[in-house]
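Below is one structure, written out as structure tokens; the observations come after it.
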Amino acid sequence: MMYFCLKLFNTLKGSFTKIIIICMLSLCFYKCSSIKNIPQHKSLLVNESFVLNGVPLNQELSKQLSLYPPNSYILGVPAKLHLFNLAKKNSDSLFDVWLDKKDNRREKLTRVYSDKQIKQLRKYRNNFNFWLKKSGEPPSVFYENNTLKTIERIKQFYKNKGYFNVAVKTEIDTIGVQKVKIKYAIESGKVFTISKKFKTIASADLDSLYTRNLKSSFLKENSVFEVENFTLERERLLKLFRNNGIENFQQKSIRFKVYLDSLGKDLKIPIDIIIQNEAKRDQNKILEVPYVVQKVNDVKLYIENPTKDFSVYTDTLKYNSLTILSDGKLKYKPKALTSGIFIKEGLPYSDKARSETYKYYSDLKVFKYPNIDFSLDPKDSLGLVSSIYLTPRDPFSVGFDLDLSHSNIQFFGISLGSSVISRNVFRGAEILELGLKGTIGASKDVADENDDFFNIYEFGGDLKLKIPRMVFPFNRSVFKNYFENPSTNIIIGSSFQQNIGLDKQNFIGTLEYQWRKKSTDKFNLKLLDLEFVNNKAISNYYNVYRNSYDRLNTIARILRFDADFITENDNLTIPAGTTDFINKVINGQTRLDENDSYYRDVRVIQEREKRLTSNNLIFSTAFSFNRNTQENIFDEDFSQLQLKIVSSGNLLMGLLNLSGKEKNENQKVEFLDVLPSQFIKTEFNYIKHWSLGTDQVLAMRLFSGIAIPYGNSDNIPFTRSYFAGGSNDNRAWEAYKLGPGTGENSNEFNEANFKIALNIEYRYPIFGPLKGAFFIDGGNIWNALDDIEDPKQSFDGFKDLSEIAIGTGFGLRYDFDYFVFRLDTGFKTYDPSQNKENRWGNQISLSRAVFNIGINYPF
């Protein structure tokens, strides 16, 4: 980072550098104002440190121990304190003083502005003053009483960790005018441990459950006496009992009795786990009622009428020992309603089963949030009756959305979408959704001769059927107990583009299965994934890919190519001139031979044109696994693992070979005049977040993916290849502008079939919702095991890892709660496309920085 800063500073020249130096010096002198609001007899606490048994504590633990921490610093400057000091104590009165400070100022302003506008000026000033206070930090004034409170906090913290003889000493030093620092020297002493564990459990059923599950206890003999373990044990017992039939168990029935030596000499502590009976009030008496295991004797499912305040259940039926009651004729298949009920007749009551039943009906999106009640069975005092009330949503709903977009292809775009949802289509709680979307936009497309503002458009639609169960063509009873929250999705769709690239038509068809295992693991199997890409405007290729045209045209001029397809300015016409020139070079009708570098360039241009203009038929199967340990959106200490494997073309090629389909002159099999793509693709994506304190996060992502063509394919379809750069990848390069390998970014869209990426980002708070970040991005793309022979673009072994591009930079993020607006600035720190001696740091300058705008965090 120091090298980066020095390199960046050296690139600033002239007056701009002087301005930077003046600002930095001004900032340094301004630091003296940090004590301007400190009373003369008081001091500002500027540093606080904690040392345990002679070893300094880390920053995170120090923050936990500090009750009155010093002001925070940003790049060595107490910026928030300075903000707070800019605020005025009496903003209203000061504004009035300012109005009357000069003669006739109030009268002059009144002649120009109305009284209402002057009041608004006062309001603006007050609001700005309030923002300064809210975004800043009040000075951390040193008080001896605060030190005593911090010492008590430290002692309590280590007592909770089992150190009951902890001692704390303080060292207070003056380090400047009205500035002090304090050091807390902590001596922990010896740790206390649990010697013996006793139990006093009033209920026989609870005693039996407790004894059978002793191995999972957090309180073990000879272990360290930590208060946190008692909390964890209480939560464990609560879940244990309520998931094993004790429906009415209350946490307050659990108590812990600790026999601590009052002199603090005996380091062995016996404990007693006390679990009392349920306490019930009967008139003026408190009665103790033993907890007993209760089983579910009956499960009843009520389908209510959403149009009535009170439902009258007129349709009743029995299905798998479950009673279904409906207000009016039942419109759902019993199997669809009951397959997600985890509350089973004859089994003990379970909070977990109740929660999973809630989740099943919520995920269906056919019913409103369910209501699940339990009551005592009037025929059995130890039995329960479960009543599940479901209120159907509207059978049809219509939605509209409007999007404004911008990309490196489309300068401005307007999208209008509509969706129609039909619920319970086949009486099995299925959801059928029809989505339609149309886009018009503006693009500086050189292929558009008219250059109208709205010169591109795209429209399409898709039909999706979601079935809340696995639909297999064979017996699925083998997997009955494996799938959790299963669903089958059938999707068909199509889209059409005009004046975007090669005017593509895209057709898709998908049969996929989704399910869970545990709360953290998700699985997705795309059994059939069909995609057909039809390029309609192939002749428009060199109008779109201008870099390829410019290289080809330059070679033609060098050769003084003279043909019928040359413009008045000696340029090749499109497409007749470009096609004629390429054919004559390849067929040996020019002075170029196969060993000539210009000949190889023309060959590369031809191969790229052929690849990008070819229609694609992709018939694949894909399996993906996702493990996410994040408990909620506020959890910033989690990991996420994604694995994916795709196999394309094997099934279709097998059927074509069985049918005796003949191969073409290139020994490839065609289907409907298209070469079916055959490849295998694997991806690995790992994300890890470490919480470093309040709003401070260290985030890391590692990605690797490769797609290997074989059989009927020599390369990977453009839609399934990889690119590098952009706001969510290596932010020092624009999207599609990095690689492949040591390539010099000569194409509009640089892509390849092998990719490695590593991102590390430190996120920290600045002011309120404004956050900051420093990041290091590494990665590149290469061609591997395909028909690209250029050594600069190919991955030939581990030595090519030296071609990994490295970008560094910083970013600003504003948190709007429901989304995060992100601005990142990236610098090319290591650019593999440069000569080896110029790769490190040669591209670091503000003029060459890449600015990225994004929504939400990149990973």
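Starting from 1 in every chain, residues are counted up; chains themselves are A, B, ... following the order of the structure tokens, and ligands are numbered from 1 as listed.
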(request) Please provide the set of residues having any atom within 9 Å of segment 180-189 of chain A, restricted to only C-alpha atoms, with same-chain residues fewer than 6 positions apart removed, written as a PyMOL selection string. (result) chain A and resi 43-54+142+147+151+154-155+158+163-174
Taking 4 positions as the minimum chain separation for residues in the same chain, which residues sit within 7 Å of Asn222 of chain A when counting only C-alpha atoms? Answer as a compact mmCIF listing (two decimals) with all heavy atoms, in the first residue's frame.
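Result file out_2.txt:
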```
# COMPACT_ATOMS: atom_id res chain seq x y z
N THR A 193 -12.22 -23.78 37.23
CA THR A 193 -12.81 -24.85 36.42
C THR A 193 -13.99 -25.49 37.17
O THR A 193 -14.14 -25.33 38.38
CB THR A 193 -11.78 -25.93 36.08
OG1 THR A 193 -11.25 -26.48 37.30
CG2 THR A 193 -10.65 -25.35 35.24
N ILE A 194 -14.80 -26.22 36.42
CA ILE A 194 -15.93 -26.95 36.99
C ILE A 194 -15.42 -28.30 37.51
O ILE A 194 -14.86 -29.10 36.76
CB ILE A 194 -17.02 -27.18 35.93
CG1 ILE A 194 -17.57 -25.82 35.43
CG2 ILE A 194 -18.16 -28.03 36.48
CD1 ILE A 194 -18.53 -25.94 34.27
N SER A 195 -15.60 -28.53 38.82
CA SER A 195 -15.09 -29.77 39.41
C SER A 195 -16.11 -30.91 39.27
O SER A 195 -15.80 -31.96 38.71
CB SER A 195 -14.75 -29.56 40.89
OG SER A 195 -15.91 -29.17 41.62
```
(request) Find, counting only C-alpha atoms, the residue in A:Ser321, A:Ser648, A:Asn838, A:Ser727 that gets nearest to Asn759 of chain A. (result)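 Looking at the shortest contact to Asn759 of chain A, the residue is A:Ser727.
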(request) Report the distance between atom CA of Phe767 of chain A and atom CA of Gly136 of chain A in Å, rounded to one decimal place. (result) 7.1 Å
(request) Name all residues at most 8 Å from Glu345 of chain A (count only C-alpha atoms; drop same-chain ones fewer than 5 positions away) and give them as an MDAnalysis selection string. (result) chainID A and resid 295:299 321
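Closest approach to Ser253 of chain A from the set A:Leu267, A:Val646, A:Ile275, A:Val292 is made by A:Ile275, with distances taken over only C-alpha atoms.
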(request) Between A:Ile574, A:Leu617, A:Ile788, A:Met653, single out the one closest to Leu552 of chain A, counting only C-alpha atoms. (result) A:Ile574
(message) Env of segment 393-397 of chain A: 12 Å cut, atoms = only C-alpha atoms, seq-sep filter 5 positions within chain, self excluded. Answer as a ChimeraX atom specification.
(response) /A:303-307,331,361-362,364-370,418-427,429-434
(request) Run DSSP on the backbone of this structure and report the residues of segment 205-301 of chain A it assigns to alpha helix (DSSP H), as a ChimeraX atom specification. (result) /A:205-212,227-242
(request) Identify, on the basis of only C-alpha atoms, every residue whose closest approach to Asp831 of chain A does not exceed 12 Å; exclude the query and any residue fewer than 3 positions from it along the same chain; express the result as a PyMOL selection string. (result) chain A and resi 730+732-733+737-739+741-745+777-780+802-808+827-828+834-844
(request) Tell me which of A:Asn783, A:Thr629, A:Ser548, A:Ser140 sits closest to Val602 of chain A, counting only C-alpha atoms. (result) A:Ser548
